[in-house]
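Listing of work.cif; format and content: mmCIF, C-alpha atoms.
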```cif
data_structure
#
loop_
_atom_site.label_atom_id
_atom_site.label_comp_id
_atom_site.auth_asym_id
_atom_site.auth_seq_id
_atom_site.Cartn_x
_atom_site.Cartn_y
_atom_site.Cartn_z
CA MET A 1 -5.43 24.19 -4.46
CA ARG A 2 -6.44 22.88 -1.03
CA PHE A 3 -4.01 20.47 0.62
CA LEU A 4 -5.62 20.37 4.08
CA LEU A 5 -7.93 17.48 4.85
CA THR A 6 -11.51 18.18 5.82
CA ASP A 7 -12.81 17.36 9.29
CA GLU A 8 -14.63 14.34 7.89
CA GLN A 9 -11.49 13.02 6.21
CA ARG A 10 -9.46 13.46 9.40
CA GLU A 11 -12.12 11.66 11.41
CA PHE A 12 -12.10 8.83 8.86
CA GLY A 13 -8.36 8.44 9.38
CA ARG A 14 -8.68 8.54 13.18
CA THR A 15 -11.41 5.90 13.06
CA LEU A 16 -9.26 3.55 10.99
CA ASP A 17 -6.24 4.21 13.21
CA GLY A 18 -8.20 3.33 16.33
CA MET A 19 -9.72 0.23 14.79
CA LEU A 20 -6.44 -1.11 13.43
CA GLY A 21 -4.55 -0.23 16.60
CA ALA A 22 -6.89 -2.49 18.55
CA SER A 23 -6.82 -5.32 16.00
CA GLY A 24 -3.39 -6.83 16.67
CA THR A 25 -2.15 -6.46 13.10
CA PRO A 26 1.38 -7.87 13.78
CA ALA A 27 -0.16 -11.26 14.55
CA ALA A 28 -2.24 -11.08 11.38
CA VAL A 29 0.87 -10.17 9.36
CA ARG A 30 2.82 -13.13 10.73
CA ALA A 31 -0.08 -15.49 10.05
CA TRP A 32 -0.43 -14.17 6.49
CA ALA A 33 3.28 -14.71 5.87
CA SER A 34 2.92 -18.34 6.94
CA GLY A 35 -0.04 -18.92 4.60
CA ASP A 36 -2.77 -18.61 7.24
CA HIS A 37 -5.15 -16.00 5.82
CA LYS A 38 -7.95 -16.26 8.38
CA PRO A 39 -6.86 -13.38 10.69
CA GLY A 40 -6.13 -11.21 7.67
CA ARG A 41 -9.52 -11.95 6.12
CA HIS A 42 -11.21 -11.02 9.39
CA LEU A 43 -9.35 -7.71 9.34
CA TRP A 44 -10.29 -7.31 5.67
CA ALA A 45 -13.99 -7.62 6.54
CA ARG A 46 -13.69 -4.96 9.25
CA LEU A 47 -12.05 -2.59 6.78
CA ALA A 48 -14.91 -3.24 4.37
CA GLU A 49 -17.39 -2.27 7.08
CA ALA A 50 -15.46 0.99 7.48
CA GLY A 51 -15.89 1.62 3.74
CA VAL A 52 -12.28 1.25 2.65
CA TRP A 53 -12.75 -1.09 -0.32
CA GLY A 54 -15.73 0.85 -1.62
CA LEU A 55 -13.54 3.92 -2.21
CA ALA A 56 -12.73 2.70 -5.73
CA VAL A 57 -16.09 1.06 -6.50
CA PRO A 58 -18.86 3.03 -8.26
CA GLU A 59 -22.09 3.78 -6.41
CA GLU A 60 -24.19 1.49 -8.59
CA HIS A 61 -22.10 -1.42 -7.30
CA ASP A 62 -22.38 -0.54 -3.58
CA GLY A 63 -19.34 1.71 -3.45
CA THR A 64 -18.80 5.43 -3.07
CA GLY A 65 -17.20 6.07 -6.44
CA LEU A 66 -13.48 6.75 -6.83
CA LEU A 67 -12.51 9.14 -4.00
CA PRO A 68 -8.73 9.62 -4.37
CA VAL A 69 -8.21 11.83 -1.32
CA GLU A 70 -10.13 9.50 0.99
CA LEU A 71 -8.19 6.63 -0.59
CA THR A 72 -4.90 8.21 0.46
CA VAL A 73 -6.22 8.75 3.99
CA ALA A 74 -7.24 5.10 4.26
CA PHE A 75 -4.05 3.71 2.78
CA GLY A 76 -1.95 5.93 4.99
CA GLU A 77 -3.48 4.13 7.97
CA LEU A 78 -3.13 0.71 6.31
CA GLY A 79 0.56 1.45 5.87
CA ARG A 80 0.92 2.79 9.41
CA HIS A 81 -0.37 -0.52 10.78
CA ALA A 82 1.31 -2.76 8.15
CA VAL A 83 -1.97 -4.44 7.17
CA PRO A 84 -1.29 -7.55 5.04
CA GLY A 85 -2.88 -8.53 1.75
CA PRO A 86 -3.22 -7.24 -1.83
CA LEU A 87 -4.37 -3.80 -0.67
CA ALA A 88 -3.44 -1.59 -3.62
CA GLU A 89 -4.13 -4.47 -6.00
CA THR A 90 -7.73 -4.80 -4.81
CA VAL A 91 -8.65 -1.14 -5.28
CA ALA A 92 -6.75 -1.14 -8.57
CA ALA A 93 -8.74 -4.17 -9.71
CA ALA A 94 -11.96 -2.34 -8.82
CA ALA A 95 -10.86 0.69 -10.82
CA PHE A 96 -9.85 -1.58 -13.70
CA LEU A 97 -13.21 -3.36 -13.86
CA ASP A 98 -15.10 -0.09 -13.59
CA ARG A 99 -13.14 1.47 -16.44
CA LEU A 100 -13.15 -1.68 -18.58
CA GLY A 101 -16.91 -1.63 -18.94
CA GLU A 102 -17.22 -5.41 -18.85
CA GLU A 103 -20.68 -5.51 -17.30
CA ALA A 104 -20.75 -9.20 -16.44
CA ALA A 105 -17.45 -9.08 -14.54
CA ALA A 106 -18.18 -5.72 -12.94
CA GLY A 107 -21.61 -6.84 -11.79
CA GLU A 108 -20.17 -9.98 -10.23
CA TRP A 109 -16.99 -8.69 -8.59
CA LEU A 110 -17.39 -5.00 -7.76
CA PRO A 111 -20.15 -5.48 -5.14
CA ARG A 112 -18.15 -8.30 -3.56
CA ILE A 113 -15.04 -6.11 -3.43
CA ALA A 114 -16.96 -3.25 -1.81
CA THR A 115 -18.46 -5.46 0.89
CA GLY A 116 -15.21 -7.30 1.58
CA ASP A 117 -16.71 -10.61 0.51
CA ALA A 118 -13.98 -11.04 -2.11
CA VAL A 119 -10.24 -10.48 -1.97
CA VAL A 120 -8.92 -9.98 -5.49
CA SER A 121 -5.53 -9.20 -6.96
CA LEU A 122 -4.41 -7.54 -10.16
CA GLY A 123 -1.25 -8.11 -12.16
CA ILE A 124 -0.28 -5.95 -15.12
CA GLY A 125 2.56 -6.97 -17.39
CA GLY A 126 4.69 -8.96 -14.97
CA PRO A 127 4.81 -12.74 -14.51
CA TYR A 128 3.88 -12.69 -10.82
CA VAL A 129 0.84 -11.44 -8.93
CA LEU A 130 0.72 -10.47 -5.29
CA ASP A 131 -1.14 -12.81 -2.92
CA ALA A 132 -2.64 -14.95 -5.66
CA ASP A 133 -2.88 -17.76 -3.09
CA ALA A 134 -5.17 -15.65 -0.89
CA ALA A 135 -7.29 -14.11 -3.65
CA ASP A 136 -10.74 -15.23 -4.68
CA ALA A 137 -9.87 -14.10 -8.20
CA VAL A 138 -6.80 -12.84 -10.02
CA PHE A 139 -7.04 -10.49 -12.99
CA ALA A 140 -3.90 -10.89 -15.10
CA VAL A 141 -3.30 -8.31 -17.83
CA GLN A 142 -0.84 -8.97 -20.63
CA ASN A 143 -0.65 -6.48 -23.49
CA ASP A 144 -4.29 -5.89 -24.53
CA GLN A 145 -5.74 -9.03 -22.94
CA VAL A 146 -7.05 -9.71 -19.43
CA ARG A 147 -7.72 -13.14 -18.02
CA ILE A 148 -9.41 -14.11 -14.78
CA THR A 149 -8.12 -17.12 -12.89
CA ARG A 150 -8.15 -18.81 -9.51
CA ARG A 151 -5.16 -21.05 -10.22
CA HIS A 152 -1.55 -20.17 -9.49
CA GLY A 153 1.90 -21.67 -9.26
CA ALA A 154 4.11 -22.09 -6.22
CA VAL A 155 4.49 -19.10 -3.91
CA GLN A 156 7.81 -17.33 -4.48
CA PRO A 157 9.98 -15.72 -1.76
CA SER A 158 9.74 -11.95 -1.42
CA LEU A 159 11.62 -9.16 0.34
CA ASP A 160 8.59 -8.96 2.61
CA PRO A 161 7.42 -12.43 3.74
CA ALA A 162 3.87 -11.09 4.02
CA ARG A 163 3.90 -10.12 0.33
CA ARG A 164 3.50 -13.55 -1.27
CA LEU A 165 4.10 -13.70 -5.02
CA ALA A 166 2.83 -16.40 -7.38
CA ARG A 167 2.47 -16.90 -11.11
CA PRO A 168 -1.19 -17.05 -12.27
CA LEU A 169 -2.01 -20.11 -14.38
CA ASP A 170 -4.35 -20.56 -17.32
CA GLY A 171 -7.47 -18.45 -16.81
CA THR A 172 -10.50 -17.44 -18.83
CA LEU A 173 -10.20 -14.60 -21.32
CA LEU A 174 -12.30 -11.76 -19.97
CA ALA A 175 -11.67 -9.06 -22.57
CA GLN A 176 -9.17 -7.88 -25.13
CA GLY A 177 -8.49 -4.81 -27.21
CA PRO A 178 -7.63 -1.12 -26.65
CA ALA A 179 -10.14 -0.84 -23.79
CA VAL A 180 -8.06 -3.29 -21.75
CA ALA A 181 -4.89 -1.22 -22.17
CA ALA A 182 -6.73 1.99 -21.23
CA ALA A 183 -8.29 0.38 -18.16
CA ALA A 184 -4.90 -1.03 -17.13
CA ALA A 185 -3.31 2.42 -17.34
CA HIS A 186 -6.07 3.83 -15.12
CA ALA A 187 -5.69 0.96 -12.64
CA THR A 188 -1.94 1.52 -12.51
CA ASP A 189 -2.54 5.14 -11.54
CA VAL A 190 -4.88 4.09 -8.71
CA ALA A 191 -2.43 1.44 -7.50
CA ARG A 192 0.44 3.92 -7.61
CA LEU A 193 -1.52 6.43 -5.55
CA ALA A 194 -2.54 3.81 -2.98
CA THR A 195 1.02 2.49 -2.71
CA ALA A 196 2.43 6.00 -2.27
CA ALA A 197 0.00 6.69 0.59
CA GLN A 198 0.73 3.29 2.11
CA SER A 199 4.48 4.00 2.01
CA LEU A 200 3.97 7.38 3.63
CA GLY A 201 2.00 5.85 6.51
CA LEU A 202 4.57 3.10 6.90
CA GLY A 203 7.43 5.62 7.04
CA ARG A 204 5.69 7.73 9.68
CA ALA A 205 5.12 4.62 11.83
CA LEU A 206 8.80 3.69 11.56
CA LEU A 207 9.86 7.19 12.52
CA ALA A 208 7.50 7.32 15.52
CA GLU A 209 8.74 3.94 16.75
CA THR A 210 12.37 5.01 16.38
CA VAL A 211 11.86 8.33 18.19
CA ALA A 212 10.26 6.47 21.09
CA TYR A 213 13.15 3.99 21.18
CA VAL A 214 15.99 6.53 21.23
CA LYS A 215 14.36 8.19 24.23
CA GLN A 216 14.60 4.90 26.13
CA ARG A 217 17.92 3.43 25.03
CA THR A 218 20.88 4.79 26.98
CA GLN A 219 24.60 4.97 26.36
CA PHE A 220 27.09 6.56 28.76
CA GLN A 221 24.14 6.96 31.15
CA VAL A 222 22.20 9.26 28.77
CA ALA A 223 19.49 8.63 26.19
CA ILE A 224 20.95 8.20 22.72
CA GLY A 225 18.27 10.55 21.44
CA SER A 226 20.26 13.40 22.97
CA PHE A 227 23.22 12.74 20.65
CA GLN A 228 23.57 15.25 17.84
CA ALA A 229 24.18 12.62 15.18
CA VAL A 230 20.98 10.80 16.16
CA LYS A 231 18.99 14.03 16.11
CA HIS A 232 20.28 14.85 12.61
CA ARG A 233 19.41 11.40 11.32
CA LEU A 234 15.87 11.62 12.66
CA ALA A 235 15.46 15.16 11.33
CA ASP A 236 16.54 14.07 7.84
CA THR A 237 14.01 11.24 7.98
CA LEU A 238 11.21 13.58 9.05
CA ILE A 239 12.07 16.08 6.29
CA GLY A 240 11.83 13.32 3.68
CA LEU A 241 8.41 12.25 4.90
CA GLU A 242 7.12 15.81 5.21
CA PHE A 243 8.33 16.56 1.69
CA ALA A 244 6.50 13.51 0.32
CA ARG A 245 3.18 14.19 2.05
CA PRO A 246 2.05 17.21 -0.04
CA LEU A 247 3.11 15.38 -3.21
CA VAL A 248 0.80 12.50 -2.32
CA HIS A 249 -2.08 14.91 -1.60
CA ALA A 250 -1.42 16.81 -4.83
CA ALA A 251 -1.47 13.57 -6.81
CA ALA A 252 -4.80 12.60 -5.23
CA LEU A 253 -6.29 15.97 -6.16
CA ALA A 254 -4.95 15.67 -9.71
CA VAL A 255 -6.57 12.24 -10.10
CA ALA A 256 -9.84 13.53 -8.66
CA ALA A 257 -9.85 16.45 -11.09
CA GLY A 258 -8.75 14.34 -14.06
CA ALA A 259 -5.86 16.74 -14.58
CA PRO A 260 -3.46 16.15 -17.50
CA SER A 261 -0.59 16.27 -15.02
CA ALA A 262 -1.96 13.36 -12.97
CA GLY A 263 0.48 10.79 -14.34
CA ARG A 264 3.48 12.97 -13.60
CA ASP A 265 2.15 13.92 -10.15
CA LEU A 266 1.56 10.29 -9.28
CA ALA A 267 5.07 9.32 -10.30
CA ALA A 268 6.55 12.15 -8.22
CA ALA A 269 4.46 11.14 -5.20
CA LYS A 270 5.37 7.49 -5.57
CA VAL A 271 9.12 8.03 -5.78
CA ALA A 272 9.19 10.58 -2.96
CA SER A 273 7.09 8.54 -0.54
CA GLY A 274 8.81 5.26 -1.41
CA GLU A 275 12.29 6.70 -0.90
CA ALA A 276 11.24 8.47 2.31
CA ALA A 277 9.77 5.26 3.77
CA TYR A 278 12.87 3.31 2.79
CA ALA A 279 15.07 5.95 4.44
CA ALA A 280 12.89 5.69 7.56
CA ALA A 281 13.41 1.92 7.55
CA ARG A 282 17.21 2.33 7.32
CA THR A 283 17.13 4.88 10.14
CA ALA A 284 15.00 2.59 12.30
CA LEU A 285 17.30 -0.34 11.68
CA GLN A 286 20.48 1.59 12.50
CA LEU A 287 19.18 3.37 15.60
CA HIS A 288 17.70 0.15 16.97
CA GLY A 289 21.19 -1.34 16.78
CA ALA A 290 20.18 -3.67 13.92
CA LEU A 291 17.57 -5.35 16.14
CA GLY A 292 15.05 -4.77 13.38
CA TYR A 293 16.45 -7.79 11.60
CA THR A 294 15.20 -10.16 14.29
CA GLU A 295 12.03 -12.13 13.64
CA GLU A 296 10.79 -11.66 17.21
CA LEU A 297 10.66 -7.86 16.99
CA ASP A 298 7.52 -6.51 15.32
CA LEU A 299 9.56 -3.65 13.86
CA SER A 300 10.96 -6.09 11.29
CA LEU A 301 7.50 -6.39 9.74
CA TRP A 302 7.54 -2.67 8.92
CA ILE A 303 11.19 -2.53 7.83
CA ARG A 304 10.83 -5.36 5.32
CA LYS A 305 7.69 -3.89 3.84
CA ALA A 306 9.33 -0.52 3.14
CA ARG A 307 11.77 -1.95 0.60
CA ALA A 308 9.06 -3.93 -1.21
CA LEU A 309 6.67 -0.97 -1.42
CA ARG A 310 9.41 1.25 -2.82
CA ASP A 311 9.48 -0.85 -6.00
CA ALA A 312 5.81 -1.88 -6.16
CA TRP A 313 3.82 -0.29 -9.01
CA GLY A 314 6.77 1.70 -10.28
CA THR A 315 10.42 1.57 -9.27
CA PRO A 316 12.17 4.84 -8.38
CA ALA A 317 13.91 4.80 -11.77
CA GLU A 318 10.63 4.28 -13.64
CA CYS A 319 8.88 7.03 -11.69
CA ARG A 320 11.71 9.51 -12.19
CA ALA A 321 11.68 8.78 -15.91
CA ARG A 322 7.93 9.45 -15.96
CA VAL A 323 8.39 12.80 -14.22
CA LEU A 324 11.15 13.84 -16.62
CA ALA A 325 9.15 12.75 -19.66
CA ASP A 326 6.68 15.66 -19.31
#
```

The structure given in the file should be rewritten as structure tokens.
Amino acid sequence: MRFLLTDEQREFGRTLDGMLGASGTPAAVRAWASGDHKPGRHLWARLAEAGVWGLAVPEEHDGTGLLPVELTVAFGELGRHAVPGPLAETVAAAAFLDRLGEEAAAGEWLPRIATGDAVVSLGIGGPYVLDADAADAVFAVQNDQVRITRRHGAVQPSLDPARRLARPLDGTLLAQGPAVAAAAAHATDVARLATAAQSLGLGRALLAETVAYVKQRTQFQVAIGSFQAVKHRLADTLIGLEFARPLVHAAALAVAAGAPSAGRDLAAAKVASGEAAYAAARTALQLHGALGYTEELDLSLWIRKARALRDAWGTPAECRARVLAD
């Protein structure tokens, strides 16, 4: 099994990294958290031009088909730069509509998702949906029914202010029956993979920022990065992230191959990357002297997101149970 990325995949990641690095994402994150979606939508359109949203859309609807490995590359960069919005939910919604086989809905929404014209969100089972206030459409799945709506209740507070939760209201019945449950299971797999990659990118960004900081901060006239305890803490964080990375790649390959082990591999990748990113957030907070709590420091945008992503699309307990079930 090949775990190394191809030259094209690496270049795709570098292109996204360069684009996002020059886009001022912290300002877009803060605006999104306050309810101003304009900067985030502009960033969304640029990502669409780069082909990100088409990675889960079939070719007949202006996408590239589901490309799990490229999806992990893209979402690693989205996590690295803390891009706001229903990222995993949008690609999961595309995978859901494609698998559902509802031609009217697929024909209307999949091309718009691929081109970035529409921001959509998907909720499966729970009462709340991410960024329903920013979405052009929300697909809410309950049991074997899916409804589409544009109405939602009041926005609820979240661990990450840029992850705005709201309860979808009313809605038009789109489909029901066993096909809905099967499509929802497939969409959950795609969302879990995207979230795992996003967590991994987020964790690596937190580690890089912390390493740079401990080289600058001094105590007793020496950089704190020279202290053995600090070195051990950073090494433990790096080991966690490096352990998670091949699990994420293996899960992407399993999804691409349609392997029977895909569900287990996805759960393993999700729990490993989520825990590693959360550990990176704790390390960053401690070694920055708790400055990461302050609103003024951009680091807080990454730290808060790590905890939310750890539980999104499968808590650690749920993912561990899934791994042990096989």

- Query: Contacts of Arg150 in chain A at 8 Å or less, counting all atoms listed in the file, minus same-chain residues fewer than 2 places along, as an MDAnalysis selection string?
  - Reply: chainID A and resid 132 135:138 148 152 168:169 171

Find the nearest atom pair between each residue of range 128-212 of chain A and range 300-320 of chain A for residues within 12 Å, count all atoms listed in the file, give distances in Å to one decimal, sort rows by chain and ascending number, and present the table as JSON lines.
```
{"residue": "A:Tyr128", "atom": "CA", "partner": "A:Ala312", "partner_atom": "CA", "distance": 11.9}
{"residue": "A:Val129", "atom": "CA", "partner": "A:Ala312", "partner_atom": "CA", "distance": 11.1}
{"residue": "A:Leu130", "atom": "CA", "partner": "A:Ala312", "partner_atom": "CA", "distance": 10.0}
{"residue": "A:Pro157", "atom": "CA", "partner": "A:Ala308", "partner_atom": "CA", "distance": 11.8}
{"residue": "A:Ser158", "atom": "CA", "partner": "A:Ala308", "partner_atom": "CA", "distance": 8.1}
{"residue": "A:Leu159", "atom": "CA", "partner": "A:Ala308", "partner_atom": "CA", "distance": 6.0}
{"residue": "A:Asp160", "atom": "CA", "partner": "A:Arg304", "partner_atom": "CA", "distance": 5.0}
{"residue": "A:Pro161", "atom": "CA", "partner": "A:Arg304", "partner_atom": "CA", "distance": 8.0}
{"residue": "A:Ala162", "atom": "CA", "partner": "A:Lys305", "partner_atom": "CA", "distance": 8.2}
{"residue": "A:Arg163", "atom": "CA", "partner": "A:Lys305", "partner_atom": "CA", "distance": 8.1}
{"residue": "A:Arg164", "atom": "CA", "partner": "A:Ala308", "partner_atom": "CA", "distance": 11.1}
{"residue": "A:Leu165", "atom": "CA", "partner": "A:Ala308", "partner_atom": "CA", "distance": 11.6}
{"residue": "A:Ala184", "atom": "CA", "partner": "A:Trp313", "partner_atom": "CA", "distance": 11.9}
{"residue": "A:Ala185", "atom": "CA", "partner": "A:Trp313", "partner_atom": "CA", "distance": 11.3}
{"residue": "A:Ala187", "atom": "CA", "partner": "A:Trp313", "partner_atom": "CA", "distance": 10.3}
{"residue": "A:Thr188", "atom": "CA", "partner": "A:Trp313", "partner_atom": "CA", "distance": 7.0}
{"residue": "A:Asp189", "atom": "CA", "partner": "A:Trp313", "partner_atom": "CA", "distance": 8.7}
{"residue": "A:Val190", "atom": "CA", "partner": "A:Trp313", "partner_atom": "CA", "distance": 9.7}
{"residue": "A:Ala191", "atom": "CA", "partner": "A:Trp313", "partner_atom": "CA", "distance": 6.7}
{"residue": "A:Arg192", "atom": "CA", "partner": "A:Trp313", "partner_atom": "CA", "distance": 5.6}
{"residue": "A:Leu193", "atom": "CA", "partner": "A:Trp313", "partner_atom": "CA", "distance": 9.3}
{"residue": "A:Ala194", "atom": "CA", "partner": "A:Trp313", "partner_atom": "CA", "distance": 9.7}
{"residue": "A:Thr195", "atom": "CA", "partner": "A:Leu309", "partner_atom": "CA", "distance": 6.7}
{"residue": "A:Ala196", "atom": "CA", "partner": "A:Leu309", "partner_atom": "CA", "distance": 8.2}
{"residue": "A:Ala197", "atom": "CA", "partner": "A:Leu309", "partner_atom": "CA", "distance": 10.4}
{"residue": "A:Gln198", "atom": "CA", "partner": "A:Leu309", "partner_atom": "CA", "distance": 8.1}
{"residue": "A:Ser199", "atom": "CA", "partner": "A:Leu309", "partner_atom": "CA", "distance": 6.4}
{"residue": "A:Leu200", "atom": "CA", "partner": "A:Ala306", "partner_atom": "CA", "distance": 9.6}
{"residue": "A:Gly201", "atom": "CA", "partner": "A:Ala306", "partner_atom": "CA", "distance": 10.3}
{"residue": "A:Leu202", "atom": "CA", "partner": "A:Trp302", "partner_atom": "CA", "distance": 6.8}
{"residue": "A:Gly203", "atom": "CA", "partner": "A:Ala306", "partner_atom": "CA", "distance": 7.5}
{"residue": "A:Arg204", "atom": "CA", "partner": "A:Trp302", "partner_atom": "CA", "distance": 10.6}
{"residue": "A:Ala205", "atom": "CA", "partner": "A:Trp302", "partner_atom": "CA", "distance": 8.2}
{"residue": "A:Leu206", "atom": "CA", "partner": "A:Trp302", "partner_atom": "CA", "distance": 7.0}
{"residue": "A:Leu207", "atom": "CA", "partner": "A:Trp302", "partner_atom": "CA", "distance": 10.7}
{"residue": "A:Ala208", "atom": "CA", "partner": "A:Trp302", "partner_atom": "CA", "distance": 12.0}
{"residue": "A:Glu209", "atom": "CA", "partner": "A:Trp302", "partner_atom": "CA", "distance": 10.3}
{"residue": "A:Thr210", "atom": "CA", "partner": "A:Ile303", "partner_atom": "CA", "distance": 11.5}
```

Considering only C-alpha atoms, give me a table of residues in range 63-156 of chain A that are at most 12 Å from range 3-10 of chain A, with the closest atom pair and distance in Å for each, as a tab-separated table.
```
residue	atom	partner	partner_atom	distance
A:Leu67	CA	A:Gln9	CA	11.0
A:Pro68	CA	A:Gln9	CA	11.5
A:Val69	CA	A:Gln9	CA	8.3
A:Glu70	CA	A:Gln9	CA	6.4
A:Leu71	CA	A:Gln9	CA	9.9
A:Thr72	CA	A:Gln9	CA	10.0
A:Val73	CA	A:Gln9	CA	7.1
A:Ala74	CA	A:Gln9	CA	9.2
A:Gly76	CA	A:Arg10	CA	11.5
A:Glu77	CA	A:Arg10	CA	11.2
```

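The space separating CA of Gln176 in chain A from CA of Leu87 in chain A comes to 25.3 Å.
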
- Query: Expressed in Å to a single decimal, how great is the separation between CA of Ser121 in chain A and CA of Glu89 in chain A?
  - Reply: 5.0 Å

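Distance check against Ala280 in chain A using only C-alpha atoms: of A:Val248, A:Ala31, A:Ile239, A:Ala48, the minimum falls on A:Ile239.
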
- Message: As a check of understanding, name the residues that the PyMOL selection byres ((chain A and resi 175) around 9) selects in the supplied structure, as a PyMOL selection string.
- Response: chain A and resi 100+102+144-147+173-174+176-177+179-180

- Message: Counting only C-alpha atoms, which residues have an atom no more than 7 Å from (14.0, 9.6, 13.0) in the file's coordinates? Please list them as a PyMOL selection string.
- Response: chain A and resi 207+210-211+233-235+237-238+280+283

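Coordinates place CA of Ala262 in chain A at a distance of 27.0 Å from CA of Pro127 in chain A.
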
- Just so the selection is clear, what residues does the PyMOL selection byres ((chain A and resi 30) around 10) cover here, as a list in words? Thr25, Pro26, Ala27, Ala28, Val29, Ala31, Trp32, Ala33, Ser34, Gly35, Asp36, His37, Pro39, Gly40, Pro84, Pro161, Ala162, Glu295, Asp298 and Leu301 of chain A

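Among the candidates A:Leu97, A:Leu43, A:Leu299, A:Leu122, the one nearest to Thr149 in chain A when counting only C-alpha atoms is A:Leu122.
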
- Message: With distances taken over only C-alpha atoms, which residue among A:Ala268, A:Val155, A:Leu287, A:Ala277 lies nearest Val214 in chain A?
- Response: A:Leu287

Around all of range 20-28 of chain A's listed atoms, make the axis-aligned box with 3 Å on each side and tell me centre and edge lengths in Å to one decimal, as AutoDock Vina command-line options.
```
--center_x -2.8 --center_y -5.7 --center_z 15.0 --size_x 14.3 --size_y 17.0 --size_z 13.2
```

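Closest approach to Ala94 in chain A among A:Ala50, A:Ala252, A:Ile113, A:Val141 is made by A:Ile113 (distances from all atoms listed in the file).
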
- Note on the structure: From the list A:Gly126, A:Gly79, A:Pro58, A:Gly116, the nearest residue to Ala95 in chain A using only C-alpha atoms is A:Pro58

- Message: Tell me which residues come within 12 Å of (-18.7, -13.2, -0.5), as a list in words, counting all atoms listed in the file in the file's coordinates.
- Response: Arg41, Trp44, Ala45, Ala48, Glu108, Trp109, Leu110, Pro111, Arg112, Ile113, Ala114, Thr115, Gly116, Asp117, Ala118, Val119, Val120, Ala135, Asp136 and Ala137 of chain A
